[in-house]
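Asker: Got a file for you: input00.pdb, PDB, C-alpha atoms (C1' of nucleotides).
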```
ATOM      1  CA  MET A   1      -5.806 -21.339 -36.611
ATOM      2  CA  ARG A   2      -2.996 -21.402 -34.059
ATOM      3  CA  ILE A   3      -3.210 -20.581 -30.383
ATOM      4  CA  GLY A   4      -1.941 -17.016 -30.706
ATOM      5  CA  GLN A   5      -4.572 -16.033 -33.208
ATOM      6  CA  LEU A   6      -7.319 -17.690 -31.191
ATOM      7  CA  ALA A   7      -6.056 -15.793 -28.158
ATOM      8  CA  ARG A   8      -6.209 -12.486 -30.034
ATOM      9  CA  ILE A   9      -9.694 -13.168 -31.389
ATOM     10  CA  THR A  10     -11.237 -14.272 -28.120
ATOM     11  CA  GLY A  11      -9.277 -12.116 -25.699
ATOM     12  CA  VAL A  12      -8.278 -15.239 -23.771
ATOM     13  CA  LYS A  13      -4.556 -15.594 -23.140
ATOM     14  CA  SER A  14      -2.731 -18.521 -24.754
ATOM     15  CA  GLU A  15      -1.811 -19.807 -21.331
ATOM     16  CA  THR A  16      -5.436 -19.710 -20.232
ATOM     17  CA  ILE A  17      -6.457 -21.630 -23.354
ATOM     18  CA  ARG A  18      -3.938 -24.342 -22.496
ATOM     19  CA  PHE A  19      -5.216 -24.210 -18.912
ATOM     20  CA  TYR A  20      -8.776 -24.854 -20.138
ATOM     21  CA  GLU A  21      -7.483 -27.775 -22.162
ATOM     22  CA  ARG A  22      -5.772 -29.233 -19.070
ATOM     23  CA  GLU A  23      -9.023 -28.734 -17.129
ATOM     24  CA  GLY A  24     -10.914 -30.626 -19.816
ATOM     25  CA  ILE A  25     -13.303 -27.768 -20.537
ATOM     26  CA  LEU A  26     -11.870 -27.336 -24.008
ATOM     27  CA  ALA A  27     -10.986 -30.437 -26.029
ATOM     28  CA  ALA A  28      -7.403 -30.932 -27.158
ATOM     29  CA  PRO A  29      -7.454 -29.742 -30.772
ATOM     30  CA  PRO A  30      -5.754 -31.541 -33.644
ATOM     31  CA  ARG A  31      -2.091 -30.683 -34.119
ATOM     32  CA  THR A  32      -0.277 -29.507 -37.178
ATOM     33  CA  LYS A  33       2.706 -31.591 -38.248
ATOM     34  CA  ALA A  34       4.825 -29.081 -36.320
ATOM     35  CA  ASN A  35       2.827 -30.093 -33.199
ATOM     36  CA  TYR A  36       1.036 -26.749 -33.040
ATOM     37  CA  ARG A  37      -2.548 -26.692 -31.760
ATOM     38  CA  ASP A  38      -4.871 -26.213 -34.718
ATOM     39  CA  TYR A  39      -8.175 -24.559 -33.833
ATOM     40  CA  GLY A  40     -11.318 -24.115 -35.909
ATOM     41  CA  PRO A  41     -14.437 -21.953 -35.574
ATOM     42  CA  ALA A  42     -16.112 -24.442 -33.198
ATOM     43  CA  GLU A  43     -13.370 -24.004 -30.612
ATOM     44  CA  GLU A  44     -13.527 -20.267 -31.095
ATOM     45  CA  ALA A  45     -17.255 -20.257 -30.307
ATOM     46  CA  ARG A  46     -16.756 -22.507 -27.324
ATOM     47  CA  LEU A  47     -14.030 -20.293 -25.940
ATOM     48  CA  HIS A  48     -16.143 -17.191 -26.466
ATOM     49  CA  PHE A  49     -18.892 -18.911 -24.557
ATOM     50  CA  ILE A  50     -16.622 -19.846 -21.663
ATOM     51  CA  ARG A  51     -15.314 -16.280 -21.474
ATOM     52  CA  ARG A  52     -18.813 -14.784 -21.415
ATOM     53  CA  ALA A  53     -20.109 -17.240 -18.878
ATOM     54  CA  ARG A  54     -17.144 -16.584 -16.575
ATOM     55  CA  ASP A  55     -17.749 -12.855 -16.915
ATOM     56  CA  LEU A  56     -21.344 -13.455 -15.841
ATOM     57  CA  GLY A  57     -20.136 -15.070 -12.643
ATOM     58  CA  PHE A  58     -20.693 -18.714 -13.546
ATOM     59  CA  SER A  59     -18.169 -21.076 -11.986
ATOM     60  CA  MET A  60     -16.123 -23.503 -14.053
ATOM     61  CA  ALA A  61     -18.266 -26.317 -12.654
ATOM     62  CA  ARG A  62     -21.455 -24.572 -13.794
ATOM     63  CA  ILE A  63     -19.941 -23.898 -17.218
ATOM     64  CA  ARG A  64     -18.938 -27.531 -17.478
ATOM     65  CA  GLU A  65     -22.597 -28.435 -16.906
ATOM     66  CA  LEU A  66     -23.791 -25.962 -19.511
ATOM     67  CA  LEU A  67     -21.267 -27.293 -22.000
ATOM     68  CA  ASP A  68     -22.362 -30.820 -21.184
ATOM     69  CA  LEU A  69     -25.923 -29.825 -22.111
ATOM     70  CA  SER A  70     -24.489 -28.812 -25.431
ATOM     71  CA  ASP A  71     -22.142 -31.755 -25.946
ATOM     72  CA  ASP A  72     -24.049 -34.662 -24.629
ATOM     73  CA  ALA A  73     -26.479 -36.090 -27.108
ATOM     74  CA  VAL A  74     -26.874 -39.254 -25.057
ATOM     75  CA  ARG A  75     -28.749 -37.605 -22.240
ATOM     76  CA  SER A  76     -32.347 -38.163 -21.248
ATOM     77  CA  CYS A  77     -34.930 -35.472 -21.787
ATOM     78  CA  ALA A  78     -35.703 -35.473 -18.079
ATOM     79  CA  GLY A  79     -32.052 -34.854 -17.260
ATOM     80  CA  ILE A  80     -31.732 -32.030 -19.750
ATOM     81  CA  ASP A  81     -34.934 -30.504 -18.517
ATOM     82  CA  ALA A  82     -33.960 -30.510 -14.834
ATOM     83  CA  LEU A  83     -30.524 -29.094 -15.524
ATOM     84  CA  ALA A  84     -31.770 -26.469 -17.959
ATOM     85  CA  ARG A  85     -34.449 -25.392 -15.500
ATOM     86  CA  SER A  86     -31.944 -25.023 -12.710
ATOM     87  CA  HIS A  87     -29.641 -22.956 -14.901
ATOM     88  CA  LEU A  88     -32.610 -20.932 -16.091
ATOM     89  CA  GLY A  89     -33.461 -20.069 -12.500
ATOM     90  CA  GLU A  90     -29.975 -18.774 -11.868
ATOM     91  CA  VAL A  91     -30.020 -16.792 -15.100
ATOM     92  CA  GLU A  92     -33.396 -15.205 -14.260
ATOM     93  CA  ARG A  93     -32.140 -14.134 -10.850
ATOM     94  CA  LYS A  94     -29.047 -12.583 -12.343
ATOM     95  CA  ILE A  95     -31.092 -10.711 -14.928
ATOM     96  CA  ALA A  96     -33.399  -9.359 -12.214
ATOM     97  CA  SER A  97     -30.452  -8.124 -10.159
ATOM     98  CA  LEU A  98     -28.768  -6.538 -13.144
ATOM     99  CA  LYS A  99     -31.970  -4.816 -14.224
ATOM    100  CA  ALA A 100     -32.382  -3.301 -10.779
ATOM    101  CA  LEU A 101     -28.797  -2.126 -10.931
ATOM    102  CA  ARG A 102     -29.311  -0.726 -14.416
ATOM    103  CA  THR A 103     -32.381   1.223 -13.351
ATOM    104  CA  GLU A 104     -30.513   2.770 -10.470
ATOM    105  CA  LEU A 105     -27.473   3.680 -12.559
ATOM    106  CA  GLY A 106     -29.802   5.204 -15.135
ATOM    107  CA  ARG A 107     -31.504   7.232 -12.431
ATOM    108  CA  MET A 108     -28.167   8.565 -11.214
ATOM    109  CA  ILE A 109     -27.090   9.538 -14.717
ATOM    110  CA  ALA A 110     -30.413  11.291 -15.246
ATOM    111  CA  ALA A 111     -29.984  13.197 -11.992
ATOM    112  CA  CYS A 112     -26.524  14.277 -13.117
ATOM    113  CA  GLU A 113     -27.928  15.611 -16.358
ATOM    114  CA  GLN A 114     -29.916  18.073 -14.285
ATOM    115  CA  ASP A 115     -26.804  18.923 -12.286
ATOM    116  CA  THR A 116     -28.358  17.573  -9.107
ATOM    117  CA  VAL A 117     -26.203  14.942  -7.478
ATOM    118  CA  GLY A 118     -28.978  13.060  -5.700
ATOM    119  CA  ASP A 119     -28.699  10.136  -3.354
ATOM    120  CA  CYS A 120     -27.259   6.884  -4.574
ATOM    121  CA  ARG A 121     -29.561   3.979  -3.814
ATOM    122  CA  ILE A 122     -27.505   1.307  -5.539
ATOM    123  CA  ILE A 123     -27.118  -0.704  -2.378
ATOM    124  CA  ASP A 124     -30.791  -0.759  -1.481
ATOM    125  CA  VAL A 125     -31.891  -1.539  -4.983
ATOM    126  CA  LEU A 126     -30.483  -5.056  -4.871
ATOM    127  CA  ALA A 127     -31.875  -5.702  -1.399
ATOM    128  CA  ASP A 128     -35.246  -7.070  -2.514
ATOM    129  CA  ILE A 129     -34.029  -9.565  -5.078
ATOM    130  CA  THR A 130     -34.747 -13.010  -3.715
ATOM    131  CA  GLU A 131     -31.857 -15.099  -2.441
ATOM    132  CA  PRO A 132     -29.595 -17.149  -4.742
TER     133      PRO A 132
ATOM    134  CA  MET B   1     -26.459  -7.905  15.615
ATOM    135  CA  ARG B   2     -23.333 -10.039  15.953
ATOM    136  CA  ILE B   3     -21.237 -11.513  13.172
ATOM    137  CA  GLY B   4     -22.805 -14.975  13.333
ATOM    138  CA  GLN B   5     -26.323 -13.715  12.839
ATOM    139  CA  LEU B   6     -25.243 -11.420  10.016
ATOM    140  CA  ALA B   7     -23.522 -14.404   8.427
ATOM    141  CA  ARG B   8     -26.700 -16.492   8.660
ATOM    142  CA  ILE B   9     -28.881 -13.698   7.256
ATOM    143  CA  THR B  10     -26.655 -12.813   4.316
ATOM    144  CA  GLY B  11     -25.197 -16.227   3.558
ATOM    145  CA  VAL B  12     -21.703 -14.773   3.832
ATOM    146  CA  LYS B  13     -19.361 -16.660   6.156
ATOM    147  CA  SER B  14     -18.125 -14.884   9.284
ATOM    148  CA  GLU B  15     -14.568 -15.235   8.054
ATOM    149  CA  THR B  16     -15.481 -13.628   4.742
ATOM    150  CA  ILE B  17     -17.162 -10.736   6.572
ATOM    151  CA  ARG B  18     -13.950 -10.144   8.517
ATOM    152  CA  PHE B  19     -12.037 -10.477   5.253
ATOM    153  CA  TYR B  20     -14.184  -7.728   3.694
ATOM    154  CA  GLU B  21     -13.488  -5.561   6.711
ATOM    155  CA  ARG B  22      -9.728  -6.112   6.311
ATOM    156  CA  GLU B  23     -10.085  -5.265   2.626
ATOM    157  CA  GLY B  24     -11.840  -2.017   3.513
ATOM    158  CA  ILE B  25     -14.965  -2.834   1.534
ATOM    159  CA  LEU B  26     -17.035  -3.065   4.701
ATOM    160  CA  ALA B  27     -16.422  -0.534   7.477
ATOM    161  CA  ALA B  28     -15.334  -1.785  10.885
ATOM    162  CA  PRO B  29     -18.568  -1.797  12.883
ATOM    163  CA  PRO B  30     -18.875  -0.536  16.456
ATOM    164  CA  ARG B  31     -17.994  -3.084  19.107
ATOM    165  CA  THR B  32     -19.987  -4.232  22.094
ATOM    166  CA  LYS B  33     -18.262  -3.909  25.466
ATOM    167  CA  ALA B  34     -17.275  -7.561  24.991
ATOM    168  CA  ASN B  35     -15.412  -6.451  21.830
ATOM    169  CA  TYR B  36     -17.909  -8.213  19.559
ATOM    170  CA  ARG B  37     -18.674  -6.644  16.190
ATOM    171  CA  ASP B  38     -22.095  -5.010  16.347
ATOM    172  CA  TYR B  39     -23.841  -4.767  12.977
ATOM    173  CA  GLY B  40     -26.989  -2.865  12.010
ATOM    174  CA  PRO B  41     -29.311  -3.000   8.975
ATOM    175  CA  ALA B  42     -27.044  -0.712   6.919
ATOM    176  CA  GLU B  43     -24.194  -3.225   7.052
ATOM    177  CA  GLU B  44     -26.620  -6.004   6.243
ATOM    178  CA  ALA B  45     -27.767  -4.187   3.085
ATOM    179  CA  ARG B  46     -24.201  -3.429   2.096
ATOM    180  CA  LEU B  47     -23.152  -7.030   2.540
ATOM    181  CA  HIS B  48     -26.149  -8.249   0.550
ATOM    182  CA  PHE B  49     -25.100  -5.872  -2.177
ATOM    183  CA  ILE B  50     -21.515  -7.097  -2.204
ATOM    184  CA  ARG B  51     -22.674 -10.718  -2.362
ATOM    185  CA  ARG B  52     -25.033 -10.051  -5.275
ATOM    186  CA  ALA B  53     -22.479  -8.031  -7.176
ATOM    187  CA  ARG B  54     -19.843 -10.757  -6.742
ATOM    188  CA  ASP B  55     -22.350 -13.335  -7.940
ATOM    189  CA  LEU B  56     -22.892 -11.208 -11.040
ATOM    190  CA  GLY B  57     -19.203 -11.390 -11.825
ATOM    191  CA  PHE B  58     -18.145  -7.930 -10.681
ATOM    192  CA  SER B  59     -14.637  -7.782  -9.269
ATOM    193  CA  MET B  60     -13.906  -6.406  -5.826
ATOM    194  CA  ALA B  61     -12.369  -3.348  -7.499
ATOM    195  CA  ARG B  62     -15.546  -2.752  -9.487
ATOM    196  CA  ILE B  63     -17.672  -3.221  -6.377
ATOM    197  CA  ARG B  64     -15.477  -0.779  -4.520
ATOM    198  CA  GLU B  65     -16.231   1.774  -7.244
ATOM    199  CA  LEU B  66     -19.951   1.109  -7.067
ATOM    200  CA  LEU B  67     -19.894   1.468  -3.297
ATOM    201  CA  ASP B  68     -17.927   4.692  -3.671
ATOM    202  CA  LEU B  69     -20.710   6.032  -5.883
ATOM    203  CA  SER B  70     -22.991   5.319  -2.989
ATOM    204  CA  ASP B  71     -20.758   6.533  -0.168
ATOM    205  CA  ASP B  72     -19.107   9.546  -1.625
ATOM    206  CA  ALA B  73     -21.211  12.671  -1.383
ATOM    207  CA  VAL B  74     -18.231  14.882  -2.178
ATOM    208  CA  ARG B  75     -17.936  13.849  -5.774
ATOM    209  CA  SER B  76     -18.529  15.969  -8.853
ATOM    210  CA  CYS B  77     -21.492  15.329 -11.079
ATOM    211  CA  ALA B  78     -19.160  14.755 -14.011
ATOM    212  CA  GLY B  79     -17.288  12.101 -12.079
ATOM    213  CA  ILE B  80     -20.437  10.318 -10.999
ATOM    214  CA  ASP B  81     -21.801  10.487 -14.512
ATOM    215  CA  ALA B  82     -18.726   8.999 -16.158
ATOM    216  CA  LEU B  83     -18.440   6.195 -13.636
ATOM    217  CA  ALA B  84     -22.149   5.396 -13.667
ATOM    218  CA  ARG B  85     -22.145   5.313 -17.457
ATOM    219  CA  SER B  86     -19.211   2.946 -17.545
ATOM    220  CA  HIS B  87     -20.869   0.630 -15.048
ATOM    221  CA  LEU B  88     -24.129   0.904 -16.949
ATOM    222  CA  GLY B  89     -22.387  -0.280 -20.098
ATOM    223  CA  GLU B  90     -21.060  -3.359 -18.352
ATOM    224  CA  VAL B  91     -24.456  -4.065 -16.825
ATOM    225  CA  GLU B  92     -26.199  -3.771 -20.207
ATOM    226  CA  ARG B  93     -23.782  -6.206 -21.783
ATOM    227  CA  LYS B  94     -24.296  -8.709 -19.023
ATOM    228  CA  ILE B  95     -28.066  -8.413 -19.328
ATOM    229  CA  ALA B  96     -27.866  -8.989 -23.080
ATOM    230  CA  SER B  97     -25.734 -12.109 -22.629
ATOM    231  CA  LEU B  98     -27.979 -13.487 -19.915
ATOM    232  CA  LYS B  99     -31.111 -12.861 -21.970
ATOM    233  CA  ALA B 100     -29.635 -14.774 -24.874
ATOM    234  CA  LEU B 101     -28.767 -17.598 -22.511
ATOM    235  CA  ARG B 102     -32.246 -17.517 -21.017
ATOM    236  CA  THR B 103     -33.895 -17.725 -24.409
ATOM    237  CA  GLU B 104     -31.818 -20.733 -25.347
ATOM    238  CA  LEU B 105     -32.440 -22.532 -22.056
ATOM    239  CA  GLY B 106     -36.153 -21.819 -22.463
ATOM    240  CA  ARG B 107     -36.054 -23.265 -25.959
ATOM    241  CA  MET B 108     -34.392 -26.443 -24.703
ATOM    242  CA  ILE B 109     -36.947 -26.873 -21.946
ATOM    243  CA  ALA B 110     -39.744 -26.355 -24.457
ATOM    244  CA  ALA B 111     -38.231 -28.983 -26.754
ATOM    245  CA  CYS B 112     -38.064 -31.395 -23.829
ATOM    246  CA  GLU B 113     -41.723 -30.854 -23.120
ATOM    247  CA  GLN B 114     -42.433 -32.305 -26.535
ATOM    248  CA  ASP B 115     -40.072 -35.194 -25.808
ATOM    249  CA  THR B 116     -37.790 -34.106 -28.608
ATOM    250  CA  VAL B 117     -34.260 -33.596 -27.398
ATOM    251  CA  GLY B 118     -33.240 -31.074 -30.022
ATOM    252  CA  ASP B 119     -29.868 -29.504 -30.570
ATOM    253  CA  CYS B 120     -28.366 -27.348 -27.893
ATOM    254  CA  ARG B 121     -27.328 -23.981 -29.266
ATOM    255  CA  ILE B 122     -26.200 -22.480 -25.962
ATOM    256  CA  ILE B 123     -22.698 -21.916 -27.216
ATOM    257  CA  ASP B 124     -23.685 -20.161 -30.414
ATOM    258  CA  VAL B 125     -26.256 -18.004 -28.742
ATOM    259  CA  LEU B 126     -23.652 -15.960 -26.898
ATOM    260  CA  ALA B 127     -21.452 -15.604 -29.952
ATOM    261  CA  ASP B 128     -23.021 -12.421 -31.290
ATOM    262  CA  ILE B 129     -22.969 -10.377 -28.105
ATOM    263  CA  THR B 130     -20.468  -7.564 -28.605
ATOM    264  CA  GLU B 131     -17.134  -7.756 -26.837
ATOM    265  CA  PRO B 132     -16.642  -6.744 -23.173
TER     266      PRO B 132
ATOM    267  C1'  DA C   1      20.964 -17.274 -39.112
ATOM    268  C1'  DT C   2      18.013 -14.406 -36.718
ATOM    269  C1'  DG C   3      13.751 -13.760 -34.732
ATOM    270  C1'  DC C   4       9.281 -14.849 -33.607
ATOM    271  C1'  DA C   5       5.519 -17.835 -32.559
ATOM    272  C1'  DC C   6       4.852 -21.818 -30.989
ATOM    273  C1'  DC C   7       5.968 -26.300 -28.096
ATOM    274  C1'  DT C   8       6.857 -28.575 -23.321
ATOM    275  C1'  DT C   9       7.114 -28.868 -18.007
ATOM    276  C1'  DG C  10       7.271 -26.617 -13.912
ATOM    277  C1'  DT C  11       6.982 -23.116 -10.436
ATOM    278  C1'  DA C  12       5.110 -19.226  -8.404
ATOM    279  C1'  DG C  13       2.047 -15.143  -8.028
ATOM    280  C1'  DT C  14      -2.778 -13.086  -7.777
ATOM    281  C1'  DA C  15      -7.768 -12.523  -6.395
ATOM    282  C1'  DA C  16     -11.284 -13.745  -3.621
ATOM    283  C1'  DC C  17     -12.238 -16.463  -0.654
ATOM    284  C1'  DT C  18     -12.352 -20.701   2.822
ATOM    285  C1'  DA C  19     -10.657 -23.394   6.532
ATOM    286  C1'  DC C  20      -8.458 -24.440  10.522
ATOM    287  C1'  DA C  21      -5.385 -23.849  14.554
ATOM    288  C1'  DA C  22      -4.043 -21.823  18.941
ATOM    289  C1'  DG C  23      -5.174 -19.266  22.635
ATOM    290  C1'  DG C  24      -8.443 -16.024  24.882
ATOM    291  C1'  DT C  25     -13.167 -13.649  26.305
ATOM    292  C1'  DC C  26     -17.964 -13.576  27.361
ATOM    293  C1'  DA C  27     -22.563 -14.918  28.740
ATOM    294  C1'  DA C  28     -26.299 -18.241  29.303
ATOM    295  C1'  DG C  29     -27.776 -22.518  31.371
ATOM    296  C1'  DC C  30     -27.173 -26.453  34.750
TER     297       DC C  30
ATOM    298  C1'  DG D   1     -18.982 -22.190  39.575
ATOM    299  C1'  DC D   2     -18.327 -24.465  35.531
ATOM    300  C1'  DT D   3     -19.205 -25.976  31.059
ATOM    301  C1'  DT D   4     -20.605 -24.855  26.396
ATOM    302  C1'  DG D   5     -21.002 -22.190  22.445
ATOM    303  C1'  DA D   6     -20.355 -18.019  20.064
ATOM    304  C1'  DC D   7     -17.429 -14.761  19.630
ATOM    305  C1'  DC D   8     -12.442 -12.470  19.755
ATOM    306  C1'  DT D   9      -7.423 -12.335  17.880
ATOM    307  C1'  DT D  10      -3.339 -13.604  14.702
ATOM    308  C1'  DG D  11      -1.553 -16.571  11.547
ATOM    309  C1'  DT D  12      -1.050 -20.130   8.137
ATOM    310  C1'  DA D  13      -2.509 -22.840   4.461
ATOM    311  C1'  DG D  14      -5.852 -24.633   0.941
ATOM    312  C1'  DT D  15      -9.033 -23.650  -3.252
ATOM    313  C1'  DT D  16     -10.466 -21.717  -7.715
ATOM    314  C1'  DA D  17      -9.474 -19.646 -11.776
ATOM    315  C1'  DC D  18      -6.333 -17.826 -13.681
ATOM    316  C1'  DT D  19      -1.625 -15.253 -14.972
ATOM    317  C1'  DA D  20       3.250 -14.963 -15.420
ATOM    318  C1'  DC D  21       7.629 -16.329 -16.148
ATOM    319  C1'  DA D  22      11.584 -19.513 -16.722
ATOM    320  C1'  DA D  23      14.200 -22.986 -19.199
ATOM    321  C1'  DG D  24      14.985 -25.423 -23.071
ATOM    322  C1'  DG D  25      13.380 -26.893 -27.714
ATOM    323  C1'  DT D  26      11.015 -26.729 -32.722
ATOM    324  C1'  DG D  27       9.268 -24.649 -37.014
ATOM    325  C1'  DC D  28       9.463 -21.353 -40.373
ATOM    326  C1'  DA D  29       9.738 -16.960 -42.736
ATOM    327  C1'  DT D  30      13.020 -13.178 -44.157
TER     328       DT D  30
END
```
Could you rewrite the structure in this file as structure tokens?

Answerer:
Amino acid sequence: MRIGQLARITGVKSETIRFYEREGILAAPPRTKANYRDYGPAEEARLHFIRRARDLGFSMARIRELLDLSDDAVRSCAGIDALARSHLGEVERKIASLKALRTELGRMIAACEQDTVGDCRIIDVLADITEP
Amino acid sequence: MRIGQLARITGVKSETIRFYEREGILAAPPRTKANYRDYGPAEEARLHFIRRARDLGFSMARIRELLDLSDDAVRSCAGIDALARSHLGEVERKIASLKALRTELGRMIAACEQDTVGDCRIIDVLADITEP
DNA sequence: ATGCACCTTGTAGTAACTACAAGGTCAAGC
DNA sequence: GCTTGACCTTGTAGTTACTACAAGGTGCAT
């Protein structure tokens, strides 16, 4: 698959795909004889992953670490464990925040269904989540 | 409370707080007679909220909308409902992605506990989540 | 042979900060 | 009273993670 099709499938612009390649987060794919980048399903999955992780607020550095967990077979169990645990902590915190936000948005929608506007407590609802 | 203390409490740099004020996402607080910004608990909560939402990958524009939901008492129920529903959708998607990620990280940690390294399926695990 | 998708390098713009400089004010402690 | 540190201002520039566009070239289908 060429870059344009990969871009359409993943919703990542061609230029951004090349940018990821320059940044070393996406390996340089094989080239066709016309020197076109030739992507397969593995790259597609990886790109999807990068896109999702970025959308979830993970930095490139953090994503690099997550991808390293996936790529690096030569790592010690202790290393994997520590890294995975640290990422897990961040993920748990994000889930907790999002759930609080979801509850509050749900409450507002419910209030609207009864035609009562009701106070918005979105701000307060995230106040108790422990610090990142 | 002055800007420095607010910065320490929220983990947001003084310069970023002033930046948010310039951007209109945080109201200009009253000033002391020495022209120092004088913040109360409401601003602290709002700033905490902004920080959390940014960490969750929401753009400033999206945060502005969420804060508007909270600020704007003069809005129609239909308007609130539509906006809240749209935000809710985004929140649900993010939760789903994070849960998938959490499961996979948990699985890797569990594998490590048995001293078996095991394949990392982080990338694939986010593949099925429906498009943003 | 025309047009489109791709190739390259390079520059510049955007969002959301982050940092630092220059010059000034204020208030607490010695 | 004077120094020190935290704040004030405006302004510029750096960083991250893109995004856009330009200039010039290649491959290939109609």

Asker: For chain A, list the residues within 12 Å of chain D, counting only C-alpha atoms (C1' of nucleotides), and write the list as a list in words.

Answerer: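 Here they are: Val12, Lys13, Ser14, Glu15, Thr16, Ile17, Arg18, Phe19, Tyr20, Glu23, Thr32, Lys33, Ala34, Asn35, Tyr36, Arg51, Arg54, Asp55, Gly57, Phe58, Ser59, Met60 and Ala61 of chain A.
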
Asker: If we count all atoms listed in the file and set the cut-off at 8 Å, which residues sit around Pro30 of chain B, ignoring sequence neighbours fewer than 3 positions away in its own chain? Please answer as a PyMOL selection string.

Answerer: chain B and resi 37-39

Asker: Here's the selection I'm unsure about, the PyMOL selection byres ((chain C) within 12 of (chain B)); applied to the file above, which residues does it give, as a ChimeraX atom specification?

Answerer: /C:15-20,25-27

Asker: How would the residues just chosen look if you wrote them out with C-alpha atoms (C1' of nucleotides) as an mmCIF file, keeping the file's coordinate frame?

Answerer:
```
data_model
loop_
_atom_site.group_PDB
_atom_site.id
_atom_site.type_symbol
_atom_site.label_atom_id
_atom_site.label_comp_id
_atom_site.auth_asym_id
_atom_site.auth_seq_id
_atom_site.Cartn_x
_atom_site.Cartn_y
_atom_site.Cartn_z
ATOM 1 C "C1'" DA C 15 -7.768 -12.523 -6.395
ATOM 2 C "C1'" DA C 16 -11.284 -13.745 -3.621
ATOM 3 C "C1'" DC C 17 -12.238 -16.463 -0.654
ATOM 4 C "C1'" DT C 18 -12.352 -20.701 2.822
ATOM 5 C "C1'" DA C 19 -10.657 -23.394 6.532
ATOM 6 C "C1'" DC C 20 -8.458 -24.440 10.522
ATOM 7 C "C1'" DT C 25 -13.167 -13.649 26.305
ATOM 8 C "C1'" DC C 26 -17.964 -13.576 27.361
ATOM 9 C "C1'" DA C 27 -22.563 -14.918 28.740
#
```

Asker: How would you write, as number ranges by chain, the residues chosen by the PyMOL selection byres ((chain C and resi 5) around 8) on this structure?

Answerer: A: 4; C: 4, 6

Asker: Could you write out the selected residues, including C-alpha atoms (C1' of nucleotides), as a PDB file, in the coordinates of the input?

Answerer:
```pdb
ATOM      1  CA  GLY A   4      -1.941 -17.016 -30.706  1.00  0.00           C
TER       2      GLY A   4
ATOM      3  C1'  DC C   4       9.281 -14.849 -33.607  1.00  0.00           C
ATOM      4  C1'  DC C   6       4.852 -21.818 -30.989  1.00  0.00           C
TER       5       DC C   6
END
```

Asker: Given the point (-26.6, -5.0, 3.3) in the file's coordinates, find the residues that have an atom at most 10 Å from it, counting all atoms listed in the file, and give them as a PyMOL selection string.

Answerer: (chain A and resi 123-124+126-127) or (chain B and resi 6+9-10+26+40-51)

Asker: Of the candidates A:Arg8, A:Arg22, A:Lys94, A:Arg62, which one gets nearest to chain B if we count all atoms listed in the file?

Answerer: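 The shortest atom-to-atom distance to chain B comes from A:Lys94.
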
Asker: Smallest atom-to-atom distance to chain B: which of A:Leu56, A:Gly79, A:Ala111, A:Ile3, using only C-alpha atoms?

Answerer: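 Result for the nearest residue to chain B: A:Leu56.
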
Asker: May I ask which of the residues A:Arg31, A:Arg2, A:Glu113, A:Ser70 is the closest one to chain B, counting all atoms listed in the file?

Answerer: A:Ser70

Asker: How would segment 89-116 of chain A look written as a compact mmCIF listing (two decimals), in the first residue's frame with C-alpha atoms?

Answerer:
```
# COMPACT_ATOMS: atom_id res chain seq x y z
CA GLY A 89 -0.66 4.22 36.46
CA GLU A 90 -1.03 7.01 33.95
CA VAL A 91 -3.73 5.11 32.09
CA GLU A 92 -5.69 4.45 35.30
CA ARG A 93 -5.59 8.13 36.22
CA LYS A 94 -6.82 9.13 32.80
CA ILE A 95 -9.65 6.62 32.95
CA ALA A 96 -10.71 7.92 36.37
CA SER A 97 -10.77 11.51 35.12
CA LEU A 98 -12.69 10.61 31.99
CA LYS A 99 -15.23 8.59 33.95
CA ALA A 100 -15.88 11.54 36.25
CA LEU A 101 -16.31 13.73 33.20
CA ARG A 102 -18.62 11.20 31.59
CA THR A 103 -20.81 11.00 34.67
CA GLU A 104 -21.17 14.74 34.78
CA LEU A 105 -21.95 15.05 31.07
CA GLY A 106 -24.51 12.28 31.46
CA ARG A 107 -26.09 14.12 34.37
CA MET A 108 -26.37 17.30 32.32
CA ILE A 109 -27.96 15.47 29.40
CA ALA A 110 -30.42 13.83 31.78
CA ALA A 111 -31.32 17.20 33.27
CA CYS A 112 -31.93 18.55 29.77
CA GLU A 113 -34.29 15.70 29.02
CA GLN A 114 -36.50 17.03 31.79
CA ASP A 115 -36.18 20.54 30.38
CA THR A 116 -34.41 21.73 33.51
```
